$ cat query-v3.cif   # mmCIF, C-alpha atoms and all ligand atoms
data_run
#
loop_
_atom_site.label_atom_id
_atom_site.label_comp_id
_atom_site.auth_asym_id
_atom_site.auth_seq_id
_atom_site.Cartn_x
_atom_site.Cartn_y
_atom_site.Cartn_z
CA MET D 1 25.24 90.20 58.10
CA LYS D 2 23.80 86.71 58.44
CA THR D 3 24.44 84.03 55.85
CA PHE D 4 23.24 80.52 55.03
CA SER D 5 26.09 78.14 54.14
CA VAL D 6 24.68 75.17 52.34
CA HIS D 7 26.16 72.06 50.78
CA SER D 8 24.77 69.07 48.98
CA CYS D 9 23.01 66.52 51.19
CA GLY D 10 21.70 62.97 50.92
CA PRO D 11 18.04 61.93 50.85
CA ILE D 12 15.88 64.00 53.21
CA LEU D 13 14.10 61.69 55.65
CA THR D 14 12.19 63.75 58.17
CA SER D 15 8.94 65.23 59.28
CA ILE D 16 8.67 68.99 59.18
CA THR D 17 6.23 71.36 60.86
CA VAL D 18 5.88 74.69 59.14
CA PRO D 19 4.81 77.83 61.00
CA GLY D 20 1.40 79.47 60.59
CA ASP D 21 0.16 80.86 57.30
CA LYS D 22 1.28 84.43 56.73
CA SER D 23 -1.78 85.64 54.80
CA MET D 24 -4.18 84.19 57.36
CA SER D 25 -2.17 85.47 60.33
CA HIS D 26 -2.36 89.06 59.04
CA ARG D 27 -6.09 88.75 58.42
CA SER D 28 -6.80 87.09 61.77
CA ALA D 29 -5.18 89.99 63.66
CA MET D 30 -7.01 92.59 61.58
CA PHE D 31 -10.42 90.94 61.55
CA ALA D 32 -10.33 90.13 65.27
CA SER D 33 -9.46 93.80 65.89
CA LEU D 34 -12.37 94.91 63.73
CA ALA D 35 -14.80 92.59 65.52
CA GLU D 36 -16.81 93.28 68.66
CA GLY D 37 -15.47 91.14 71.52
CA CYS D 38 -12.61 88.87 72.36
CA SER D 39 -11.01 86.44 69.86
CA THR D 40 -8.19 84.00 70.52
CA ILE D 41 -5.91 83.29 67.56
CA THR D 42 -3.76 80.18 67.67
CA GLY D 43 -1.04 79.07 65.26
CA PHE D 44 -0.32 82.74 64.52
CA LEU D 45 2.88 83.25 62.54
CA GLU D 46 5.22 85.24 64.78
CA SER D 47 7.26 86.63 61.92
CA GLU D 48 8.30 90.25 61.43
CA ASP D 49 5.60 90.89 58.79
CA CYS D 50 2.72 89.58 60.88
CA LEU D 51 4.03 91.27 64.01
CA SER D 52 4.00 94.54 62.02
CA THR D 53 0.25 93.99 61.66
CA VAL D 54 -0.15 93.24 65.39
CA ASP D 55 1.82 96.40 66.27
CA ALA D 56 -0.29 98.44 63.84
CA MET D 57 -3.52 97.22 65.45
CA ARG D 58 -2.12 98.01 68.91
CA ALA D 59 -1.15 101.51 67.69
CA LEU D 60 -4.80 101.92 66.66
CA GLY D 61 -5.99 101.24 70.20
CA VAL D 62 -6.60 97.47 70.13
CA THR D 63 -5.43 95.42 73.11
CA ILE D 64 -3.62 92.32 71.89
CA GLU D 65 -2.01 90.02 74.39
CA ARG D 66 0.40 87.22 73.54
CA THR D 67 -0.51 84.37 75.89
CA GLY D 68 1.73 81.64 74.45
CA GLU D 69 3.71 80.69 71.37
CA GLY D 70 1.57 81.69 68.39
CA THR D 71 -1.39 82.49 70.65
CA PHE D 72 -2.81 86.01 70.75
CA VAL D 73 -5.90 87.23 72.54
CA VAL D 74 -7.42 90.19 70.70
CA GLU D 75 -9.94 92.51 72.37
CA GLY D 76 -11.81 93.72 69.31
CA ILE D 77 -13.14 97.27 69.44
CA GLY D 78 -15.69 97.01 66.66
CA GLY D 79 -13.61 99.13 64.31
CA ARG D 80 -13.69 102.16 66.65
CA PHE D 81 -9.97 102.72 66.25
CA THR D 82 -8.17 105.59 67.93
CA PRO D 83 -5.64 107.78 66.13
CA PRO D 84 -2.09 106.40 66.54
CA ALA D 85 0.47 108.53 68.37
CA GLY D 86 2.81 108.57 65.36
CA ASP D 87 3.51 106.88 62.04
CA VAL D 88 2.50 103.23 61.67
CA ASP D 89 5.49 101.24 60.46
CA CYS D 90 4.53 98.36 58.15
CA GLY D 91 8.14 97.16 57.94
CA ASN D 92 8.65 94.95 54.86
CA SER D 93 5.01 93.93 54.66
CA GLY D 94 2.98 94.81 51.57
CA THR D 95 0.01 92.90 53.00
CA THR D 96 0.02 95.08 56.14
CA MET D 97 0.14 98.31 54.15
CA ARG D 98 -2.42 97.39 51.49
CA LEU D 99 -4.98 95.77 53.79
CA LEU D 100 -4.61 98.54 56.38
CA SER D 101 -5.27 101.09 53.62
CA GLY D 102 -8.67 99.49 53.08
CA LEU D 103 -9.34 99.08 56.77
CA LEU D 104 -8.49 102.70 57.54
CA ALA D 105 -10.07 104.33 54.50
CA ALA D 106 -13.23 104.99 56.51
CA GLN D 107 -11.58 106.25 59.71
CA PRO D 108 -12.19 109.90 60.55
CA PHE D 109 -8.51 110.67 61.22
CA ARG D 110 -5.20 111.10 59.49
CA ILE D 111 -2.70 108.26 59.56
CA ARG D 112 0.73 107.84 57.96
CA LEU D 113 1.90 104.37 56.92
CA THR D 114 5.63 103.89 56.42
CA GLY D 115 7.77 100.93 55.40
CA ASP D 116 11.35 99.78 54.93
CA ALA D 117 13.43 100.52 51.82
CA SER D 118 11.88 97.61 49.87
CA LEU D 119 8.27 98.42 50.80
CA SER D 120 8.91 102.08 49.97
CA LYS D 121 9.49 101.05 46.33
CA ARG D 122 6.34 98.95 45.98
CA PRO D 123 3.28 100.11 44.05
CA MET D 124 0.40 101.30 46.23
CA GLY D 125 -1.45 103.01 43.35
CA ARG D 126 -3.35 99.75 42.93
CA VAL D 127 -5.12 100.29 46.28
CA ILE D 128 -5.08 104.10 46.21
CA LYS D 129 -7.11 104.18 42.99
CA PRO D 130 -10.19 102.20 44.10
CA LEU D 131 -10.10 103.53 47.68
CA SER D 132 -9.94 107.12 46.39
CA GLU D 133 -12.93 106.38 44.18
CA MET D 134 -14.73 105.39 47.38
CA GLY D 135 -13.97 108.83 48.82
CA ALA D 136 -10.83 108.30 50.93
CA LEU D 137 -8.06 110.83 50.58
CA PHE D 138 -4.56 109.42 49.98
CA THR D 139 -1.18 111.04 49.51
CA ALA D 140 1.69 108.87 48.31
CA GLU D 141 4.64 110.79 49.67
CA GLY D 142 7.14 108.65 47.77
CA GLY D 143 5.64 109.86 44.47
CA GLU D 144 4.06 107.69 41.75
CA GLY D 145 1.94 105.77 44.22
CA LYS D 146 4.87 104.83 46.46
CA PRO D 147 4.92 104.93 50.30
CA PRO D 148 4.88 106.57 52.79
CA LEU D 149 1.12 106.77 52.49
CA VAL D 150 -0.94 109.39 54.26
CA ILE D 151 -4.59 108.41 54.58
CA GLU D 152 -7.07 111.02 55.51
CA GLY D 153 -9.90 108.53 55.72
CA SER D 154 -13.42 109.69 55.36
CA THR D 155 -12.88 113.36 56.18
CA LEU D 156 -14.94 113.78 53.01
CA GLY D 157 -17.96 111.99 54.55
CA PRO D 158 -18.91 108.31 54.57
CA LEU D 159 -17.30 106.06 51.95
CA LYS D 160 -19.21 105.46 48.74
CA PRO D 161 -19.74 101.85 47.66
CA LEU D 162 -17.78 100.84 44.57
CA SER D 163 -17.99 98.27 41.83
CA TYR D 164 -14.37 97.60 40.90
CA GLU D 165 -12.87 95.42 38.17
CA MET D 166 -9.27 94.71 39.19
CA PRO D 167 -6.67 95.09 36.42
CA VAL D 168 -4.37 92.55 38.17
CA ALA D 169 -5.37 89.43 40.10
CA SER D 170 -4.26 90.65 43.53
CA ALA D 171 -5.67 89.32 46.79
CA GLN D 172 -4.33 92.38 48.57
CA VAL D 173 -6.25 94.79 46.33
CA LYS D 174 -9.40 92.64 46.54
CA SER D 175 -9.09 92.62 50.34
CA ALA D 176 -8.48 96.36 50.63
CA VAL D 177 -11.61 97.17 48.63
CA LEU D 178 -13.78 94.66 50.51
CA LEU D 179 -12.53 95.92 53.88
CA ALA D 180 -13.36 99.50 52.91
CA GLY D 181 -16.73 98.22 51.63
CA LEU D 182 -17.59 97.07 55.16
CA SER D 183 -18.00 100.76 56.10
CA ALA D 184 -19.60 102.02 52.89
CA ASP D 185 -23.34 102.46 52.63
CA GLY D 186 -24.47 99.98 49.95
CA GLU D 187 -23.01 97.16 47.88
CA THR D 188 -19.28 97.13 47.11
CA SER D 189 -18.05 94.56 44.64
CA VAL D 190 -14.75 93.43 43.20
CA ILE D 191 -14.25 91.45 40.02
CA GLU D 192 -11.05 89.44 39.96
CA PRO D 193 -9.63 88.61 36.52
CA ALA D 194 -8.41 85.20 37.75
CA ALA D 195 -8.86 83.39 41.06
CA CYS D 196 -6.44 84.69 43.68
CA ARG D 197 -6.20 83.61 47.33
CA ASP D 198 -9.61 83.83 48.97
CA HIS D 199 -8.68 83.99 52.67
CA THR D 200 -10.39 87.36 53.10
CA GLU D 201 -13.67 85.97 51.78
CA ARG D 202 -13.49 82.80 53.89
CA MET D 203 -12.34 84.51 57.06
CA LEU D 204 -14.74 87.47 56.84
CA GLN D 205 -17.59 84.94 56.67
CA GLU D 206 -16.15 83.18 59.73
CA PHE D 207 -16.25 86.53 61.51
CA GLY D 208 -19.95 86.89 60.65
CA VAL D 209 -19.89 88.97 57.46
CA THR D 210 -22.37 88.17 54.68
CA LEU D 211 -20.75 88.04 51.25
CA LYS D 212 -22.08 87.31 47.77
CA LEU D 213 -19.63 85.02 46.02
CA GLY D 214 -20.23 84.78 42.28
CA ALA D 215 -19.27 81.74 40.23
CA PRO D 216 -16.33 82.20 37.88
CA ASP D 217 -17.41 83.03 34.30
CA ALA D 218 -16.04 81.29 31.18
CA ASN D 219 -12.87 83.44 31.40
CA GLY D 220 -12.32 82.73 35.09
CA ARG D 221 -13.50 86.22 36.19
CA ARG D 222 -15.36 86.19 39.49
CA ARG D 223 -17.41 88.81 41.36
CA ILE D 224 -17.30 89.13 45.14
CA ALA D 225 -19.71 91.56 46.79
CA LEU D 226 -20.74 92.71 50.23
CA LYS D 227 -23.38 95.11 51.42
CA GLY D 228 -22.17 97.70 53.90
CA PRO D 229 -22.24 98.66 56.61
CA GLN D 230 -21.52 95.35 58.33
CA ARG D 231 -20.00 94.44 61.66
CA LEU D 232 -17.73 91.54 62.54
CA ARG D 233 -18.32 89.18 65.47
CA ALA D 234 -15.40 87.92 67.52
CA ARG D 235 -14.43 84.28 67.10
CA ASP D 236 -11.48 82.05 67.80
CA PHE D 237 -9.39 81.12 64.81
CA ALA D 238 -6.72 78.45 64.35
CA VAL D 239 -4.22 79.34 61.63
CA PRO D 240 -2.96 76.29 59.70
CA GLY D 241 0.67 75.88 58.56
CA ASP D 242 1.82 77.96 55.60
CA ILE D 243 1.93 76.06 52.32
CA SER D 244 4.21 78.80 50.95
CA SER D 245 6.75 77.87 53.66
CA ALA D 246 6.17 74.14 53.07
CA ALA D 247 6.93 74.80 49.37
CA PHE D 248 10.69 74.93 50.02
CA TRP D 249 10.68 71.43 51.50
CA LEU D 250 8.23 70.12 48.91
CA VAL D 251 10.69 71.09 46.18
CA ALA D 252 13.76 69.80 48.05
CA ALA D 253 12.14 66.45 48.87
CA SER D 254 10.54 65.99 45.42
CA ALA D 255 13.82 66.52 43.60
CA LYS D 256 16.09 64.49 45.88
CA GLN D 257 16.06 60.76 45.09
CA GLY D 258 15.18 58.58 48.07
CA SER D 259 13.71 61.41 50.19
CA LYS D 260 10.64 60.87 52.32
CA VAL D 261 9.22 63.97 53.99
CA LEU D 262 6.01 64.38 55.97
CA ILE D 263 4.46 67.81 56.49
CA GLU D 264 1.45 67.91 58.83
CA GLY D 265 -1.12 70.58 59.60
CA VAL D 266 -0.51 72.57 56.45
CA GLY D 267 -3.13 74.77 54.78
CA LEU D 268 -4.68 73.23 51.66
CA ASN D 269 -6.88 76.09 50.48
CA PRO D 270 -7.38 75.38 46.74
CA THR D 271 -6.34 78.95 45.88
CA ARG D 272 -2.91 78.12 47.34
CA THR D 273 -2.23 74.50 46.34
CA GLY D 274 -0.88 75.28 42.86
CA ILE D 275 2.58 74.33 44.15
CA ILE D 276 1.34 70.76 44.60
CA SER D 277 -0.22 70.57 41.11
CA VAL D 278 2.83 72.04 39.42
CA LEU D 279 5.24 69.67 41.20
CA GLN D 280 2.97 66.69 40.43
CA ARG D 281 2.96 67.77 36.77
CA MET D 282 6.76 67.77 36.94
CA GLY D 283 6.64 64.14 38.08
CA ALA D 284 6.76 64.60 41.87
CA SER D 285 5.27 61.92 44.05
CA MET D 286 2.99 63.41 46.72
CA GLU D 287 0.22 62.00 48.82
CA ILE D 288 -2.26 64.51 50.23
CA THR D 289 -4.51 63.66 53.17
CA PRO D 290 -7.03 66.37 54.04
CA VAL D 291 -7.93 66.57 57.73
CA ASP D 292 -11.22 68.43 57.46
CA PRO D 293 -12.02 69.43 53.88
CA GLU D 294 -15.17 71.27 55.04
CA ALA D 295 -13.26 73.56 57.43
CA ALA D 296 -13.32 77.29 56.67
CA GLU D 297 -9.66 76.92 55.81
CA PRO D 298 -8.88 73.34 54.74
CA LEU D 299 -5.72 71.70 56.02
CA GLY D 300 -4.04 68.32 55.99
CA THR D 301 -0.90 66.27 55.58
CA ILE D 302 1.47 66.09 52.62
CA ARG D 303 3.81 63.09 52.15
CA VAL D 304 6.48 63.58 49.51
CA SER D 305 8.79 60.95 48.04
CA GLY D 306 11.84 62.03 46.08
CA GLY D 307 12.44 61.15 42.43
CA ALA D 308 13.28 62.69 39.09
CA LEU D 309 11.47 65.82 37.88
CA HIS D 310 10.90 66.99 34.33
CA GLY D 311 10.30 70.50 33.00
CA THR D 312 6.90 72.15 32.63
CA VAL D 313 5.18 75.37 31.60
CA ILE D 314 3.76 77.54 34.39
CA GLY D 315 1.49 80.39 33.24
CA GLY D 316 -1.98 81.82 32.73
CA ALA D 317 -4.63 81.54 35.43
CA GLU D 318 -2.33 79.31 37.50
CA ILE D 319 0.06 82.18 38.24
CA PRO D 320 -1.81 83.88 41.13
CA ASN D 321 -2.04 80.49 42.86
CA VAL D 322 1.75 80.00 42.79
CA ILE D 323 2.92 83.61 42.81
CA ASP D 324 4.94 83.33 46.03
CA GLU D 325 6.27 79.86 45.13
CA LEU D 326 7.70 80.83 41.72
CA PRO D 327 11.26 81.43 42.99
CA VAL D 328 11.48 77.92 44.44
CA LEU D 329 9.60 76.47 41.45
CA ALA D 330 12.29 78.02 39.24
CA VAL D 331 14.83 76.12 41.34
CA ALA D 332 12.75 72.95 40.76
CA GLY D 333 12.92 73.77 37.04
CA ALA D 334 16.72 73.96 37.21
CA LEU D 335 16.80 70.52 38.88
CA ALA D 336 14.36 68.99 36.39
CA ARG D 337 15.22 67.39 33.08
CA GLY D 338 14.31 69.62 30.09
CA LYS D 339 12.97 73.12 29.85
CA THR D 340 10.76 74.93 32.35
CA ILE D 341 8.95 78.05 31.18
CA ILE D 342 7.42 80.59 33.56
CA ARG D 343 5.21 83.16 31.83
CA ASP D 344 2.44 85.69 32.66
CA ALA D 345 4.23 86.43 35.94
CA LYS D 346 5.12 90.11 35.49
CA GLU D 347 3.89 90.69 39.07
CA LEU D 348 7.14 89.07 40.23
CA ARG D 349 8.91 92.26 39.24
CA VAL D 350 7.09 94.25 41.97
CA LYS D 351 7.50 91.87 44.91
CA GLU D 352 9.99 92.39 47.77
CA THR D 353 12.58 92.59 44.97
CA ASP D 354 12.39 92.05 41.20
CA ARG D 355 12.11 88.28 41.58
CA ILE D 356 12.53 87.56 37.85
CA ALA D 357 15.91 89.34 37.75
CA ALA D 358 16.99 87.93 41.14
CA VAL D 359 16.11 84.32 40.32
CA ALA D 360 17.56 84.42 36.80
CA GLY D 361 20.80 86.04 38.03
CA ASN D 362 21.29 83.58 40.88
CA LEU D 363 20.48 80.52 38.75
CA ARG D 364 23.02 81.71 36.16
CA ALA D 365 25.61 82.17 38.92
CA MET D 366 25.04 78.49 39.77
CA GLY D 367 25.66 77.46 36.15
CA VAL D 368 22.07 77.14 34.96
CA PRO D 369 21.25 78.54 31.49
CA VAL D 370 18.32 80.93 31.93
CA THR D 371 16.68 83.38 29.55
CA GLU D 372 14.88 86.19 31.30
CA THR D 373 11.69 87.45 29.67
CA GLU D 374 9.53 90.46 30.52
CA ASP D 375 7.01 88.29 32.39
CA GLY D 376 9.01 85.25 33.41
CA MET D 377 11.93 83.09 32.32
CA GLU D 378 12.99 79.96 30.47
CA ILE D 379 15.19 77.59 32.42
CA GLU D 380 17.29 74.82 30.85
CA GLY D 381 17.06 72.19 33.53
CA GLY D 382 19.26 69.21 34.23
CA HIS D 383 22.67 70.96 34.26
CA PRO D 384 24.74 70.29 37.38
CA LEU D 385 24.41 73.16 39.87
CA LYS D 386 27.63 74.80 41.07
CA GLY D 387 27.92 76.25 44.56
CA ALA D 388 28.14 80.05 44.50
CA ARG D 389 28.12 83.14 46.70
CA LEU D 390 24.69 84.69 46.18
CA GLU D 391 22.77 87.78 47.19
CA CYS D 392 19.12 87.61 48.17
CA PHE D 393 18.40 91.35 47.74
CA GLY D 394 16.62 91.55 51.10
CA ASP D 395 13.97 89.14 49.81
CA HIS D 396 13.07 86.24 52.11
CA ARG D 397 11.79 83.97 49.35
CA ILE D 398 14.93 84.45 47.24
CA ALA D 399 17.08 83.59 50.28
CA MET D 400 15.13 80.40 51.02
CA ALA D 401 14.76 79.29 47.38
CA PHE D 402 18.53 79.46 46.89
CA ALA D 403 19.25 77.69 50.18
CA ILE D 404 17.23 74.83 48.65
CA ALA D 405 19.25 75.09 45.40
CA GLY D 406 22.41 74.81 47.53
CA LEU D 407 21.26 71.38 48.78
CA PHE D 408 21.79 70.12 45.21
CA ALA D 409 24.97 71.99 44.25
CA GLU D 410 28.54 70.84 43.94
CA GLY D 411 30.59 72.75 46.53
CA GLU D 412 29.41 75.35 48.99
CA THR D 413 26.62 77.84 48.39
CA VAL D 414 26.59 80.94 50.59
CA ILE D 415 23.57 83.20 50.65
CA GLU D 416 24.21 86.64 52.08
CA GLY D 417 21.86 88.86 54.05
CA VAL D 418 19.41 86.18 55.12
CA GLU D 419 18.06 88.19 58.09
CA CYS D 420 15.06 88.91 55.82
CA VAL D 421 13.87 85.29 56.25
CA ALA D 422 12.49 86.45 59.62
CA THR D 423 9.73 88.32 57.74
CA SER D 424 7.91 85.09 56.86
CA TYR D 425 9.68 81.98 58.19
CA PRO D 426 11.85 82.70 61.26
CA THR D 427 12.59 79.00 61.89
CA PHE D 428 13.67 78.21 58.32
CA GLY D 429 17.38 78.35 59.26
CA ALA D 430 16.91 75.83 62.09
CA THR D 431 15.03 73.40 59.83
CA LEU D 432 17.70 73.83 57.15
CA GLU D 433 20.39 73.00 59.75
CA SER D 434 18.54 69.84 60.76
CA VAL D 435 18.17 68.77 57.12
CA LEU D 436 21.91 69.40 56.51
CA ALA D 437 22.87 67.47 59.65
CA SER D 438 20.72 64.42 58.85
C1 LIG D 501 -0.95 88.15 49.69
C2 LIG D 501 -1.23 88.28 48.34
C3 LIG D 501 -0.21 88.17 47.28
C4 LIG D 501 1.05 87.49 47.80
C5 LIG D 501 1.49 88.04 49.13
C6 LIG D 501 0.40 87.84 50.17
C7 LIG D 501 -2.07 88.28 50.65
O1 LIG D 501 0.14 89.46 46.85
O2 LIG D 501 2.09 87.60 46.85
O3 LIG D 501 2.66 87.38 49.58
O4 LIG D 501 -1.91 87.89 51.82
O5 LIG D 501 -3.12 88.78 50.25
P1 LIG D 501 -0.72 90.24 45.70
O6 LIG D 501 -2.05 90.57 46.25
O7 LIG D 501 0.08 91.48 45.41
O8 LIG D 501 -0.78 89.31 44.54
#

$ encode --input "query-v3.cif" --output "structure tokens"
Amino acid sequence: MKTFSVHSCGPILTSITVPGDKSMSHRSAMFASLAEGCSTITGFLESEDCLSTVDAMRALGVTIERTGEGTFVVEGIGGRFTPPAGDVDCGNSGTTMRLLSGLLAAQPFRIRLTGDASLSKRPMGRVIKPLSEMGALFTAEGGEGKPPLVIEGSTLGPLKPLSYEMPVASAQVKSAVLLAGLSADGETSVIEPAACRDHTERMLQEFGVTLKLGAPDANGRRRIALKGPQRLRARDFAVPGDISSAAFWLVAASAKQGSKVLIEGVGLNPTRTGIISVLQRMGASMEITPVDPEAAEPLGTIRVSGGALHGTVIGGAEIPNVIDELPVLAVAGALARGKTIIRDAKELRVKETDRIAAVAGNLRAMGVPVTETEDGMEIEGGHPLKGARLECFGDHRIAMAFAIAGLFAEGETVIEGVECVATSYPTFGATLESVLAS
């Protein structure tokens, strides 16, 4: 079993490059596979999760060649996938399983999607319900909507278009329905209850799909529609750095007096930059320089200077924008003066692990008073952190968030079972080492 051993360090003075965005890497491999013709993807995140998507597309008959670090040449087959020889293993990746469900709902063959122990406990009913309404046949072999999933695509005939109001703001559900809608005959629409990451919308348009993007109503609900059937056109795509990976260093640098950290080439899609707004609200000093704000996926440079943070409330419509950053934002809350409240974040309970229980338990083990609530937690910040031996429950973001906490603790912090970090940020350990050595 691999561990991170972390101790307190001085000001962090460095420039950090984060690997490619996970959400965009998944989509780039899928959309390029769906397209007619050859696309070259650069900046692709070569993590276990995204490689699960590449392997899945290969199993479906797509030729994908790795021509350099983070560079993949995809020979799109216009969605004319061939039946895989066996099960398609999605590993730990919910994005792979949920987006593939939408992508494959229209295929005229049977396919079985499996996952690891964590993925096998995650709810797939949220995609099964709308996709079944479109006419695809699903069996959740794990019971109660849990994987393995058997999809018997459109053996019932072509998919029916659907108008679907999502009960939770989930980019994965939105994407699954829109991807299925590409093969349905007529207009498929999704209403999201609050803005969630819009990479599918932006990237589908880049690949030549026409979408109707409604304006958010007074309650923040927004309708996204597309008229099927539509085809994708191949195009090259450069994946920017992952702001969810940058988040760990943004928190570390913001909370450590005297730090100066530069992060270049990082994605600044407004549906993902909640981490910046929350940290700024907590008193963090950050300078953002966009490179090309008009790009399909905006990116730029973030300069952070360390100082003192104060507590805040994180909730409501902001939650989908920071959903993956909440573990490390909870660590920021522990380092800040005063109380930090996280609410409306029940979704954290169905991530790679129950992130509310995992974060609250680990913070308590480090001496931080935390009250767990059904949909979040209240953290009494400003208490000195004590080094501890911690579990990460096979969850990459718990492992990395608590490695950051260890940089502020008295004594040694050991995080066990950190192999899972390879699912989203394989070079995190190396960057952590360089920060500890500086
Ligand atoms: C993702 C959407 C989010 C996020 C996940 C990646 C995506 O999940 O937590 O890490 O790429 O669409 P939900 O759709 O379940 O909110």

$ axis_aligned_box --input "query-v3.cif" --around "ligand LIG 501 (chain D)" --padding-each-side "8 Å" --output "lines of an AutoDock Vina configuration file"
center_x = -0.2
center_y = 89.4
center_z = 48.2
size_x = 21.8
size_y = 20.1
size_z = 23.3

$ residues_around --input "query-v3.cif" --residues "D:Gly91" --least-positions-apart "3" --cutoff "12 Å" --atoms "only C-alpha atoms" --output "ChimeraX atom specification"
/D:47-56,87-88,94-97,113-120,147-148,352,420,422-423

$ residues_around --input "query-v3.cif" --residues "D:Arg355" --least-positions-apart "5" --cutoff "10 Å" --atoms "all atoms listed in the file" --output "ChimeraX atom specification"
/D:324,326-327,345-350,360-361,376,392-393,395,397-398

$ residues_around --input "query-v3.cif" --residues "D:Pro369" --least-positions-apart "4" --cutoff "7 Å" --atoms "all atoms listed in the file" --output "MDAnalysis selection string"
chainID D and resid 364 379:380

$ residues_near_ligand --input "query-v3.cif" --ligand "ligand LIG 501 (chain D)" --cutoff "10 Å" --atoms "all atoms listed in the file" --output "ChimeraX atom specification"
/D:21-27,93-96,98-99,122-124,126,168-176,196-200,244,319-325,347-348,350-352,397,424

$ closest_residue --input "query-v3.cif" --among "D:Leu34, D:Val18, D:Ile314, D:Val6" --to "D:Glu410" --atoms "only C-alpha atoms"
D:Val6

$ residues_near_point --input "query-v3.cif" --point "(21.0, 81.6, 53.0)" --cutoff "6 Å" --atoms "all atoms listed in the file" --output "list in words"
Thr3, Phe4, Ala399, Ala403, Ile415 and Val418 of chain D
